[in-house]
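**Q** File work.cif below, mmCIF, C-alpha atoms:
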```
data_start
loop_
_atom_site.label_atom_id
_atom_site.label_comp_id
_atom_site.auth_asym_id
_atom_site.auth_seq_id
_atom_site.Cartn_x
_atom_site.Cartn_y
_atom_site.Cartn_z
CA MET A 1 149.23 36.95 167.80
CA LYS A 2 150.91 34.83 165.18
CA THR A 3 154.54 35.52 164.36
CA GLY A 4 153.70 36.45 160.75
CA THR A 5 151.05 38.96 161.81
CA MET A 6 153.41 40.43 164.42
CA ARG A 7 156.09 40.91 161.74
CA LEU A 8 153.58 42.62 159.46
CA VAL A 9 152.46 45.00 162.24
CA LEU A 10 156.08 45.81 163.10
CA ALA A 11 156.93 46.38 159.43
CA VAL A 12 153.96 48.75 158.95
CA LEU A 13 154.89 50.56 162.18
CA GLY A 14 158.49 50.83 160.96
CA VAL A 15 157.40 52.30 157.62
CA HIS A 16 155.23 54.86 159.43
CA LEU A 17 158.10 55.81 161.74
CA VAL A 18 160.46 56.23 158.77
CA LEU A 19 157.86 58.38 156.96
CA LEU A 20 157.24 60.50 160.06
CA SER A 21 160.95 61.03 160.69
CA GLY A 22 161.38 61.86 156.99
CA LEU A 23 158.65 64.48 157.18
CA ALA A 24 160.09 65.89 160.40
CA ALA A 25 163.47 66.29 158.72
CA GLY A 26 161.74 67.64 155.62
CA ALA A 27 163.34 65.09 153.35
CA VAL A 28 161.00 65.52 150.36
CA PRO A 29 160.46 69.21 149.59
CA GLU A 30 158.58 70.25 146.45
CA VAL A 31 160.07 72.57 143.84
CA GLY A 32 159.42 76.17 144.87
CA GLN A 33 158.65 75.20 148.47
CA VAL A 34 160.02 77.65 151.05
CA ARG A 35 160.46 76.54 154.65
CA SER A 36 161.41 78.65 157.64
CA ILE A 37 164.09 77.21 159.89
CA ARG A 38 162.27 78.22 163.04
CA VAL A 39 165.13 77.54 165.43
CA ALA A 40 167.27 80.09 163.55
CA SER A 41 166.18 83.46 164.85
CA GLU A 42 167.40 86.77 163.43
CA GLY A 43 171.15 87.17 163.85
CA ALA A 44 171.76 83.44 164.31
CA SER A 45 174.69 81.91 162.47
CA LEU A 46 174.17 78.69 160.53
CA ALA A 47 176.36 76.02 158.97
CA VAL A 48 175.42 72.95 156.95
CA GLU A 49 176.92 69.47 156.98
CA ARG A 50 177.02 68.91 153.23
CA SER A 51 176.71 65.14 153.00
CA SER A 52 173.97 64.55 155.60
CA GLY A 53 172.09 67.85 155.29
CA SER A 54 172.22 68.42 159.05
CA LEU A 55 172.20 72.04 160.17
CA ALA A 56 174.01 73.72 163.07
CA VAL A 57 172.32 76.90 164.26
CA CYS A 58 174.07 79.09 166.80
CA ASP A 59 172.26 81.83 168.73
CA GLY A 60 175.46 83.03 170.41
CA ALA A 61 175.12 80.99 173.60
CA SER A 62 174.30 77.53 172.27
CA VAL A 63 174.39 75.46 169.11
CA THR A 64 171.35 73.47 168.00
CA ILE A 65 171.89 70.50 165.71
CA LEU A 66 168.97 69.89 163.35
CA LYS A 67 168.45 66.85 161.12
CA GLY A 68 167.11 69.14 158.41
CA PRO A 69 165.09 72.34 157.85
CA GLY A 70 161.90 70.66 159.06
CA ASP A 71 163.36 69.56 162.38
CA ALA A 72 161.64 71.88 164.86
CA THR A 73 163.53 71.00 168.01
CA GLY A 74 166.98 69.54 167.45
CA ARG A 75 169.68 68.87 170.01
CA ARG A 76 171.06 71.84 171.95
CA LEU A 77 174.69 72.15 173.01
CA PRO A 78 175.91 74.99 175.24
CA VAL A 79 179.04 76.83 174.07
CA PRO A 80 181.57 78.67 176.24
CA GLY A 81 182.63 82.30 175.96
CA ARG A 82 180.59 85.51 175.74
CA HIS A 83 179.30 84.91 172.25
CA ALA A 84 179.86 82.31 169.54
CA ASP A 85 179.13 81.91 165.85
CA VAL A 86 179.18 78.62 163.99
CA VAL A 87 181.60 78.82 161.06
CA ALA A 88 181.74 75.29 159.66
CA PHE A 89 180.12 71.89 160.13
CA ALA A 90 181.87 68.82 158.74
CA ARG A 91 180.92 65.24 159.69
CA ASP A 92 180.41 65.47 163.47
CA ARG A 93 182.68 68.48 164.02
CA LEU A 94 181.78 72.14 164.44
CA LEU A 95 184.14 75.08 164.06
CA LEU A 96 183.02 77.97 166.24
CA ALA A 97 184.30 81.56 166.34
CA VAL A 98 184.15 82.43 170.03
CA ASP A 99 184.42 85.79 171.74
CA TRP A 100 186.32 84.61 174.80
CA ASP A 101 186.32 88.00 176.55
CA GLU A 102 188.27 87.40 179.76
CA GLU A 103 187.92 83.64 179.74
CA LEU A 104 191.36 82.21 179.09
CA PRO A 105 191.68 79.56 176.41
CA GLY A 106 192.63 76.16 177.77
CA MET B 1 187.26 76.24 168.93
CA VAL B 2 186.20 72.85 167.64
CA LEU B 3 183.30 71.01 169.25
CA ASP B 4 181.88 67.65 168.28
CA THR B 5 178.14 67.11 167.99
CA ALA B 6 178.13 65.23 171.30
CA GLY B 7 179.25 68.46 172.95
CA HIS B 8 182.88 67.46 173.57
CA GLU B 9 185.43 70.23 173.15
CA LEU B 10 188.21 68.99 170.86
CA ARG B 11 190.40 72.07 170.44
CA ARG B 12 190.40 75.59 171.78
CA TRP B 13 192.59 78.55 170.96
CA GLY B 14 192.45 82.27 171.67
CA PRO B 15 193.38 85.69 170.33
CA GLY B 16 196.90 85.27 171.72
CA ASP B 17 197.53 82.45 169.22
CA GLN B 18 198.86 84.30 166.18
CA VAL B 19 200.39 81.63 163.95
CA PHE B 20 198.63 78.26 164.15
CA PRO B 21 195.87 77.76 164.98
CA SER B 22 194.72 81.34 164.62
CA LEU B 23 191.73 83.39 163.45
CA THR B 24 192.36 82.29 159.86
CA THR B 25 192.45 78.57 160.67
CA ARG B 26 189.64 76.48 159.23
CA LEU B 27 188.18 73.01 159.65
CA SER B 28 189.06 70.55 156.89
CA MET B 29 186.23 69.36 154.63
CA ASP B 30 186.29 65.90 156.23
CA GLY B 31 186.13 67.37 159.74
CA SER B 32 189.23 65.51 160.89
CA ALA B 33 191.78 68.33 160.89
CA LEU B 34 192.50 72.04 161.18
CA ALA B 35 194.07 73.67 158.14
CA ASP B 36 195.72 76.98 157.29
CA MET B 37 198.03 78.66 154.78
CA ILE B 38 200.72 80.65 156.58
CA GLU B 39 203.30 83.12 155.35
CA VAL B 40 206.90 82.35 156.26
CA ASN B 41 208.36 85.02 158.54
CA LYS B 42 210.34 85.21 161.75
CA GLU B 43 207.37 84.32 163.96
CA SER B 44 206.02 81.41 161.89
CA ARG B 45 209.56 80.12 161.32
CA SER B 46 210.04 79.95 165.07
CA GLN B 47 206.65 78.55 166.06
CA LEU B 48 206.40 75.95 163.32
CA ALA B 49 210.13 75.07 163.38
CA LEU B 50 210.41 75.65 159.63
CA PRO B 51 213.62 74.71 157.81
CA GLY B 52 216.04 77.60 157.26
CA ASP B 53 215.82 77.39 153.46
CA TYR B 54 212.13 78.38 153.41
CA ALA B 55 212.38 82.00 152.24
CA ASP B 56 210.50 84.80 153.97
CA GLY B 57 207.35 85.78 152.06
CA THR B 58 206.71 82.27 150.75
CA PHE B 59 203.93 80.14 152.18
CA VAL B 60 203.47 76.84 153.97
CA LEU B 61 200.34 74.71 154.25
CA VAL B 62 199.69 73.43 157.75
CA SER B 63 197.25 70.81 158.97
CA GLU B 64 196.71 69.30 162.39
CA ARG B 65 194.75 66.13 163.02
CA LEU B 66 192.20 66.71 165.76
CA ALA B 67 192.50 63.12 166.98
CA ASP B 68 196.15 63.28 168.04
CA ARG B 69 197.24 66.86 167.20
CA SER B 70 199.89 65.55 164.81
CA ARG B 71 200.89 68.24 162.31
CA ARG B 72 201.91 68.27 158.69
CA VAL B 73 203.69 71.31 157.29
CA VAL B 74 204.14 71.46 153.52
CA GLN B 75 206.11 74.08 151.64
CA LEU B 76 203.89 75.62 148.96
CA ARG B 77 205.99 75.63 145.81
CA LEU B 78 204.69 77.89 143.08
CA TRP B 79 207.83 78.28 141.07
CA GLU B 80 207.53 75.28 138.83
CA ASP B 81 206.80 77.11 135.58
CA SER B 82 207.90 75.72 132.24
CA LYS B 83 211.27 77.45 132.39
CA GLY B 84 211.90 76.45 135.98
CA LYS B 85 211.65 80.05 137.12
CA ARG B 86 210.10 80.98 140.41
CA SER B 87 206.57 82.31 139.93
CA THR B 88 205.73 85.85 140.93
CA THR B 89 202.12 84.89 141.63
CA THR B 90 200.89 84.62 145.21
CA PRO B 91 198.47 82.15 146.76
CA GLN B 92 194.94 83.51 147.10
CA ASP B 93 192.67 80.97 148.70
CA MET B 94 193.02 77.62 150.43
CA ILE B 95 190.72 74.84 151.59
CA GLY B 96 191.85 71.80 153.55
CA LEU B 97 190.22 68.59 152.36
CA GLY B 98 191.80 66.44 155.07
CA PRO B 99 195.10 66.08 156.93
CA GLY B 100 197.87 67.00 154.48
CA ASP B 101 195.40 67.45 151.62
CA PHE B 102 194.87 70.99 150.33
CA LEU B 103 193.37 72.94 147.42
CA VAL B 104 195.07 76.27 146.68
CA THR B 105 194.37 79.00 144.14
CA VAL B 106 196.99 81.49 142.97
CA GLY B 107 196.82 84.97 141.49
CA ASN B 108 197.08 83.84 137.87
CA GLY B 109 193.83 81.91 138.28
CA SER B 110 195.43 78.50 138.66
CA LEU B 111 194.18 75.82 141.03
CA LEU B 112 196.38 73.15 142.53
CA ARG B 113 195.95 70.22 144.85
CA VAL B 114 198.69 69.31 147.32
CA GLN B 115 198.59 65.83 148.82
CA ALA B 116 201.13 63.95 150.92
CA GLY B 117 203.59 66.82 150.71
CA ASP B 118 203.55 67.17 146.94
CA LYS B 119 201.53 68.72 144.15
CA SER B 120 199.18 66.03 142.83
CA TRP B 121 197.67 68.13 140.02
CA SER B 122 197.27 71.71 138.86
CA VAL B 123 194.94 73.47 136.46
CA GLN B 124 196.19 76.48 134.56
CA GLY B 125 194.17 79.65 135.10
CA GLN B 126 192.64 81.71 132.30
CA ALA B 127 192.43 85.08 134.05
CA ASN B 128 194.56 87.08 136.44
CA GLY B 129 193.15 88.55 139.65
CA ARG B 130 191.69 87.14 142.82
CA CYS B 131 190.72 83.53 142.35
CA VAL B 132 188.55 81.90 145.02
CA ILE B 133 187.45 78.36 145.77
CA ALA B 134 183.68 78.79 145.76
CA ASP B 135 182.58 75.25 146.53
CA VAL B 136 183.94 71.76 147.01
CA ASP B 137 181.41 69.00 146.43
CA PRO B 138 182.83 65.51 147.04
CA GLY B 139 179.44 64.06 146.01
CA SER B 140 179.90 65.18 142.41
CA ASP B 141 183.71 65.02 142.67
CA GLN B 142 184.14 68.64 141.71
CA VAL B 143 185.52 71.94 142.92
CA LEU B 144 184.09 75.23 141.66
CA VAL B 145 186.49 78.14 141.29
CA VAL B 146 185.63 81.76 140.49
CA ASP B 147 188.45 83.62 138.76
CA GLY B 148 189.42 87.27 138.45
CA ARG B 149 186.96 87.82 135.56
CA GLY B 150 184.02 86.46 137.53
CA ALA B 151 183.94 83.22 135.51
CA VAL B 152 183.21 79.83 137.10
CA THR B 153 185.31 76.76 136.40
CA SER B 154 184.46 73.22 137.43
CA VAL B 155 187.45 70.98 138.07
CA GLU B 156 187.32 67.27 138.83
CA LEU B 157 188.51 66.82 142.39
CA GLY B 158 190.17 63.45 141.85
CA SER B 159 191.97 64.03 138.57
CA GLY B 160 192.28 67.82 138.28
CA GLU B 161 190.62 67.69 134.86
CA ARG B 162 188.75 70.86 133.88
CA ARG B 163 185.10 69.97 133.20
CA TRP B 164 183.77 73.33 132.04
CA ARG B 165 184.19 77.10 132.38
CA TRP B 166 181.30 79.54 132.19
CA SER B 167 181.88 83.25 131.89
CA GLY B 168 179.06 85.82 132.03
CA ALA B 169 181.24 88.17 129.97
CA ASP B 170 181.28 85.52 127.21
CA ASN B 171 177.50 85.05 127.57
CA VAL B 172 176.35 88.67 127.71
CA ALA B 173 173.09 88.07 125.82
CA GLU B 174 172.13 85.20 128.11
CA VAL B 175 172.81 87.19 131.31
CA GLU B 176 170.89 90.19 129.92
CA ARG B 177 167.94 87.99 128.91
CA PHE B 178 167.87 86.57 132.41
CA LEU B 179 168.29 89.85 134.33
CA ASP B 180 165.81 91.72 132.09
CA GLN B 181 163.10 89.49 133.63
CA THR B 182 163.66 91.20 136.98
CA GLY B 183 162.04 94.44 135.88
CA GLN B 184 165.34 96.28 135.61
CA HIS B 185 165.35 96.20 131.83
CA GLY B 186 168.82 96.95 130.46
CA GLY B 187 170.20 97.00 134.02
CA ALA B 188 173.39 95.12 133.16
CA ARG B 189 174.21 97.50 130.29
CA LYS B 190 173.68 100.46 132.62
CA VAL B 191 176.10 98.89 135.10
CA VAL B 192 178.72 98.59 132.34
CA GLY B 193 178.24 102.28 131.44
CA GLU B 194 178.38 103.45 135.06
CA ALA B 195 181.48 101.33 135.81
CA LEU B 196 183.30 102.70 132.73
CA ASN B 197 182.30 106.28 133.67
CA ARG B 198 183.54 105.87 137.20
CA MET B 199 186.82 104.27 136.13
CA SER B 200 187.52 107.06 133.65
CA ARG B 201 186.69 109.72 136.29
CA THR B 202 188.87 108.19 139.00
CA GLY B 203 191.60 106.79 136.75
CA HIS B 204 191.22 103.56 138.72
CA GLN B 205 192.33 100.46 136.87
CA GLN B 206 192.10 96.88 138.03
CA ALA B 207 195.43 95.09 138.06
CA GLY B 208 195.92 93.13 134.87
CA ALA B 209 192.55 94.08 133.36
CA SER B 210 191.44 96.70 130.88
CA ASP B 211 188.58 99.04 131.86
CA GLU B 212 186.24 97.18 129.55
CA THR B 213 187.15 93.78 131.05
CA ALA B 214 186.65 95.16 134.57
CA ALA B 215 183.27 96.67 133.61
CA LEU B 216 182.12 93.40 132.02
CA ARG B 217 183.10 91.58 135.21
CA VAL B 218 180.96 93.77 137.48
CA ALA B 219 177.96 93.61 135.13
CA TYR B 220 178.04 89.96 134.07
CA GLY B 221 180.51 88.18 136.38
CA VAL B 222 179.74 86.18 139.51
CA GLU B 223 181.23 86.23 142.99
CA THR B 224 180.49 82.71 144.08
CA ALA B 225 178.84 79.46 143.00
CA ARG B 226 177.46 76.30 144.58
CA ALA B 227 177.08 72.85 143.07
CA LEU B 228 173.48 71.63 143.23
CA PRO B 229 172.75 67.89 143.56
CA ASP B 230 171.11 67.68 140.11
CA GLY B 231 174.28 68.80 138.31
CA LYS B 232 173.14 72.43 137.98
CA VAL B 233 175.07 75.27 139.62
CA LEU B 234 173.82 78.20 141.68
CA LEU B 235 175.52 81.48 140.72
CA ALA B 236 175.57 84.56 142.97
CA SER B 237 176.65 88.12 142.31
CA SER B 238 176.43 91.53 143.93
CA LEU B 239 179.32 92.99 141.91
CA GLY B 240 177.04 95.50 140.14
CA VAL B 241 175.50 96.91 143.35
CA PRO B 242 178.04 99.77 143.79
CA TYR B 243 177.27 100.77 140.17
CA GLY B 244 173.48 100.91 140.51
CA GLY B 245 172.86 97.25 139.72
CA ARG B 246 171.30 94.61 141.94
CA ALA B 247 172.39 91.40 143.63
CA TRP B 248 171.17 88.30 141.83
CA LEU B 249 171.04 84.52 142.16
CA ALA B 250 170.66 82.26 139.15
CA VAL B 251 170.68 78.56 138.37
CA LEU B 252 173.08 77.61 135.57
CA ASP B 253 172.83 74.49 133.45
CA PRO B 254 176.52 73.92 132.70
CA GLN B 255 175.71 71.59 129.78
CA SER B 256 173.81 74.22 127.78
CA GLY B 257 175.32 77.37 129.36
CA LYS B 258 171.75 78.67 129.94
CA LEU B 259 170.43 80.35 133.06
CA LEU B 260 167.26 78.56 134.13
CA GLY B 261 163.96 79.88 135.46
CA THR B 262 163.70 83.29 137.04
CA GLU B 263 165.97 85.27 139.34
CA VAL B 264 165.89 83.66 142.79
CA PHE B 265 165.54 86.75 145.01
CA ASP B 266 162.59 87.92 142.88
CA THR B 267 160.96 84.50 143.15
CA LEU B 268 161.46 84.41 146.91
CA ALA B 269 159.95 87.87 147.41
CA THR B 270 156.51 86.39 146.71
CA ARG B 271 157.03 83.07 148.46
CA THR B 272 158.71 83.70 151.79
CA PRO B 273 156.58 83.45 154.91
CA PRO B 274 155.22 86.76 156.28
CA GLY B 275 157.95 88.82 157.93
CA ALA B 276 160.76 86.66 156.59
CA VAL B 277 162.12 88.81 153.79
CA VAL B 278 165.22 87.39 152.13
CA ARG B 279 168.05 89.87 152.21
CA PRO B 280 170.49 89.57 149.36
CA THR B 281 173.89 89.09 150.96
CA SER B 282 176.84 90.63 149.20
CA GLY B 283 180.52 90.01 148.83
CA GLY B 284 182.85 87.09 149.50
CA SER B 285 182.50 86.25 153.17
CA SER B 286 178.78 87.11 153.27
CA TRP B 287 178.02 84.66 150.49
CA GLU B 288 180.24 82.11 152.21
CA GLU B 289 178.27 82.39 155.44
CA GLY B 290 174.84 82.74 153.89
CA LEU B 291 174.48 80.36 150.98
CA HIS B 292 174.28 76.64 151.72
CA VAL B 293 173.13 73.65 149.69
CA LEU B 294 171.39 70.60 151.16
CA PRO B 295 171.38 67.07 149.66
CA SER B 296 167.64 67.57 149.03
CA GLY B 297 168.50 70.32 146.53
CA GLU B 298 167.28 73.03 148.87
CA VAL B 299 169.30 76.22 149.25
CA VAL B 300 169.52 77.73 152.72
CA LEU B 301 169.56 81.53 152.91
CA PRO B 302 169.30 84.15 155.67
CA ALA B 303 166.06 86.15 155.88
CA THR B 304 165.19 89.07 158.14
CA GLN B 305 163.64 87.10 161.00
CA THR B 306 164.91 83.62 160.38
CA TRP B 307 166.75 81.44 157.88
CA ILE B 308 164.83 79.76 155.08
CA ALA B 309 165.30 76.68 152.91
CA VAL B 310 164.03 76.84 149.34
CA LYS B 311 163.87 74.12 146.71
CA LEU B 312 164.91 75.81 143.47
CA GLN B 313 164.69 73.18 140.73
#
```
Would you mind writing the structure in this file as structure tokens?

**A**
Amino acid sequence: MKTGTMRLVLAVLGVHLVLLSGLAAGAVPEVGQVRSIRVASEGASLAVERSSGSLAVCDGASVTILKGPGDATGRRLPVPGRHADVVAFARDRLLLAVDWDEELPG
Amino acid sequence: MVLDTAGHELRRWGPGDQVFPSLTTRLSMDGSALADMIEVNKESRSQLALPGDYADGTFVLVSERLADRSRRVVQLRLWEDSKGKRSTTTPQDMIGLGPGDFLVTVGNGSLLRVQAGDKSWSVQGQANGRCVIADVDPGSDQVLVVDGRGAVTSVELGSGERRWRWSGADNVAEVERFLDQTGQHGGARKVVGEALNRMSRTGHQQAGASDETAALRVAYGVETARALPDGKVLLASSLGVPYGGRAWLAVLDPQSGKLLGTEVFDTLATRTPPGAVVRPTSGGSSWEEGLHVLPSGEVVLPATQTWIAVKLQ
């Protein structure tokens, strides 16, 4: 395959990947559109990183970082303690309110 | 505790920690520091090694960089009135923007920014009562403050210049026009009547406000606000609920002072996925935890079985 054709194929592939990741993150919602954040079950706490639009959803035992409301899987981080709620999300930092129970803080 | 998104634990504290960090400690807006506003007393004086001339009952602003745990403690000076007298107002709300960079509201409705140990600007309040920082949006360089009359003020974050102030009590016809669409025709006026009745029965009076002012606040005032990316502002109130009113969400165009479209909870009632009924949150901390804005213009709200994101405008 010629170099020019290869570049074109890669460029088209790149555009498709960008579009797919954009749709997964739900980057272009329509006015009036309502989307469920499926990872966030009833009772989950949620915080938003304002500049990027990333979401942190905490079910009490773990925090899931989502790229946006359309991100169905996200990245899951375990949290210590008996139960935790996410309070704030700024840049790459999460503030969690943790019920430590008998676990001593370090 | 503070965790980074790679799962590394950066700071942990427990219920035994009473001064700093403690249950009231928050993450700064830039994520780089912990921040708190702490009253000077015997315990805080000892733990924070405060100078002896900091009087009991006054406040200090404390921040701690997460990277190296270096701390900055700044005395909050509120006594710089025009006659040089010490103010009798007390601080109400605080948000840390970064290490040593704080926004503070005080009981006379004023907002001030403290940077590098000194006051960089202050905006005079227009109403007494609890004044809260509703939203800080670095993207539009503004902070939204809700004062003791339930009015929203936008202040430029960099300069401290007041951009606009919108009060429902000064826009009664507009709020009534908007809320009358919800099917509770005349609901706001009924809230005013019920609030006045109850205040006259109980003899309860809000500090610094006449009965009429207090009644106008619960019927037409807001509890919180969020800056939307298109320059509009989301307003939220549940102040009228104890008086037979309803919680409402509205989009304000600050340029025209008009409330746009229809009431958000009503709109969502017909649009949410089956089983996911949006529950109107109520009151300060509930709004704080349950009303988020995304760069896409979507608003994130809790529903009964999940959370939802809705594009309003």

**Q** Run the PyMOL selection byres ((chain A and resi 62-72) around 9) against the file shown and list the residues it catches, as a count of residues only.

**A** 38

**Q** Could you list, as a list in words, the residues of chain B having an atom within 7 Å of chain A when counting all atoms listed in the file?

**A**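 Taking all atoms listed in the file into account, Met1, Val2, Leu3, Asp4, Thr5, Gly7, Arg12, Trp13, Gly14, Leu27, Met29, Asp30, Gly31, Arg271, Thr272, His292, Leu294, Pro295, Ser296, Thr304, Gln305, Thr306, Trp307, Ile308, Ala309, Val310, Lys311, Leu312 and Gln313 of chain B sit within 7 Å of chain A.
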
**Q** Written as a PyMOL selection string, which residues does the PyMOL selection byres ((chain B and resi 259) around 10) give for the file shown?

**A** chain B and resi 174-175+177-179+232-235+250-254+256-258+260-263

**Q** Name the residues that the PyMOL selection byres ((chain B and resi 67-72) around 9) pulls out of this structure, and write them as number ranges by chain.

**A** B: 10, 32-33, 61-66, 73-74, 99-100, 116-117

**Q** Any idea what's packed within 9 Å of stretch 123-137 of chain B, counting only C-alpha atoms, ignoring anything in its chain fewer than 2 positions away? Could you give it as an MDAnalysis selection string?

**A** (chainID A and resid 50:51) or (chainID B and resid 29 92:95 97 103:112 121 139:152 155 157 160:162 206:209 223:228 284 288)

**Q** Create the file for the chosen residues now, containing C-alpha atoms and written as a PDB file, in the coordinates of the input.

**A**
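Below you can see again-v2.pdb, which holds the result:
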```
ATOM      1  CA  ARG A  50     177.020  68.910 153.230  1.00  0.00           C
ATOM      2  CA  SER A  51     176.710  65.140 153.000  1.00  0.00           C
TER       3      SER A  51
ATOM      4  CA  MET B  29     186.230  69.360 154.630  1.00  0.00           C
ATOM      5  CA  GLN B  92     194.940  83.510 147.100  1.00  0.00           C
ATOM      6  CA  ASP B  93     192.670  80.970 148.700  1.00  0.00           C
ATOM      7  CA  MET B  94     193.020  77.620 150.430  1.00  0.00           C
ATOM      8  CA  ILE B  95     190.720  74.840 151.590  1.00  0.00           C
ATOM      9  CA  LEU B  97     190.220  68.590 152.360  1.00  0.00           C
ATOM     10  CA  LEU B 103     193.370  72.940 147.420  1.00  0.00           C
ATOM     11  CA  VAL B 104     195.070  76.270 146.680  1.00  0.00           C
ATOM     12  CA  THR B 105     194.370  79.000 144.140  1.00  0.00           C
ATOM     13  CA  VAL B 106     196.990  81.490 142.970  1.00  0.00           C
ATOM     14  CA  GLY B 107     196.820  84.970 141.490  1.00  0.00           C
ATOM     15  CA  ASN B 108     197.080  83.840 137.870  1.00  0.00           C
ATOM     16  CA  GLY B 109     193.830  81.910 138.280  1.00  0.00           C
ATOM     17  CA  SER B 110     195.430  78.500 138.660  1.00  0.00           C
ATOM     18  CA  LEU B 111     194.180  75.820 141.030  1.00  0.00           C
ATOM     19  CA  LEU B 112     196.380  73.150 142.530  1.00  0.00           C
ATOM     20  CA  TRP B 121     197.670  68.130 140.020  1.00  0.00           C
ATOM     21  CA  GLY B 139     179.440  64.060 146.010  1.00  0.00           C
ATOM     22  CA  SER B 140     179.900  65.180 142.410  1.00  0.00           C
ATOM     23  CA  ASP B 141     183.710  65.020 142.670  1.00  0.00           C
ATOM     24  CA  GLN B 142     184.140  68.640 141.710  1.00  0.00           C
ATOM     25  CA  VAL B 143     185.520  71.940 142.920  1.00  0.00           C
ATOM     26  CA  LEU B 144     184.090  75.230 141.660  1.00  0.00           C
ATOM     27  CA  VAL B 145     186.490  78.140 141.290  1.00  0.00           C
ATOM     28  CA  VAL B 146     185.630  81.760 140.490  1.00  0.00           C
ATOM     29  CA  ASP B 147     188.450  83.620 138.760  1.00  0.00           C
ATOM     30  CA  GLY B 148     189.420  87.270 138.450  1.00  0.00           C
ATOM     31  CA  ARG B 149     186.960  87.820 135.560  1.00  0.00           C
ATOM     32  CA  GLY B 150     184.020  86.460 137.530  1.00  0.00           C
ATOM     33  CA  ALA B 151     183.940  83.220 135.510  1.00  0.00           C
ATOM     34  CA  VAL B 152     183.210  79.830 137.100  1.00  0.00           C
ATOM     35  CA  VAL B 155     187.450  70.980 138.070  1.00  0.00           C
ATOM     36  CA  LEU B 157     188.510  66.820 142.390  1.00  0.00           C
ATOM     37  CA  GLY B 160     192.280  67.820 138.280  1.00  0.00           C
ATOM     38  CA  GLU B 161     190.620  67.690 134.860  1.00  0.00           C
ATOM     39  CA  ARG B 162     188.750  70.860 133.880  1.00  0.00           C
ATOM     40  CA  GLN B 206     192.100  96.880 138.030  1.00  0.00           C
ATOM     41  CA  ALA B 207     195.430  95.090 138.060  1.00  0.00           C
ATOM     42  CA  GLY B 208     195.920  93.130 134.870  1.00  0.00           C
ATOM     43  CA  ALA B 209     192.550  94.080 133.360  1.00  0.00           C
ATOM     44  CA  GLU B 223     181.230  86.230 142.990  1.00  0.00           C
ATOM     45  CA  THR B 224     180.490  82.710 144.080  1.00  0.00           C
ATOM     46  CA  ALA B 225     178.840  79.460 143.000  1.00  0.00           C
ATOM     47  CA  ARG B 226     177.460  76.300 144.580  1.00  0.00           C
ATOM     48  CA  ALA B 227     177.080  72.850 143.070  1.00  0.00           C
ATOM     49  CA  LEU B 228     173.480  71.630 143.230  1.00  0.00           C
ATOM     50  CA  GLY B 284     182.850  87.090 149.500  1.00  0.00           C
ATOM     51  CA  GLU B 288     180.240  82.110 152.210  1.00  0.00           C
TER      52      GLU B 288
END
```

**Q** So what do you get for atom CA of B:Gly203 versus atom CA of B:Arg246, distance-wise?

**A**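 It comes out at 24.2 Å.
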
**Q** Would it be fine to have stretch 64-74 of chain A, with N, CA and C atoms, given as a CSV table (one decimal), in the first residue's frame?

**A**
```csv
chain,number,residue,atom,x,y,z
A,64,THR,N,-16.3,4.9,40.7
A,64,THR,CA,-16.1,4.7,39.3
A,64,THR,C,-15.9,6.0,38.6
A,65,ILE,N,-14.9,6.1,37.8
A,65,ILE,CA,-14.6,7.4,37.1
A,65,ILE,C,-15.1,7.2,35.7
A,66,LEU,N,-16.0,8.1,35.3
A,66,LEU,CA,-16.6,8.1,33.9
A,66,LEU,C,-16.2,9.3,33.1
A,67,LYS,N,-16.0,9.1,31.8
A,67,LYS,CA,-15.6,10.2,31.0
A,67,LYS,C,-16.7,11.2,30.8
A,68,GLY,N,-18.0,10.7,30.9
A,68,GLY,CA,-19.1,11.5,30.7
A,68,GLY,C,-20.4,10.7,31.0
A,69,PRO,N,-21.6,11.2,30.9
A,69,PRO,CA,-22.8,10.5,31.2
A,69,PRO,C,-23.0,9.2,30.3
A,70,GLY,N,-22.4,9.3,29.1
A,70,GLY,CA,-22.6,8.2,28.2
A,70,GLY,C,-21.6,7.0,28.4
A,71,ASP,N,-20.6,7.2,29.2
A,71,ASP,CA,-19.6,6.2,29.5
A,71,ASP,C,-20.3,5.1,30.3
A,72,ALA,N,-20.4,3.9,29.7
A,72,ALA,CA,-21.2,2.9,30.4
A,72,ALA,C,-20.3,2.0,31.4
A,73,THR,N,-19.0,2.1,31.3
A,73,THR,CA,-18.2,1.2,32.1
A,73,THR,C,-17.3,2.0,33.1
A,74,GLY,N,-16.5,2.9,32.6
A,74,GLY,CA,-15.6,3.6,33.5
A,74,GLY,C,-14.5,2.8,34.1
```
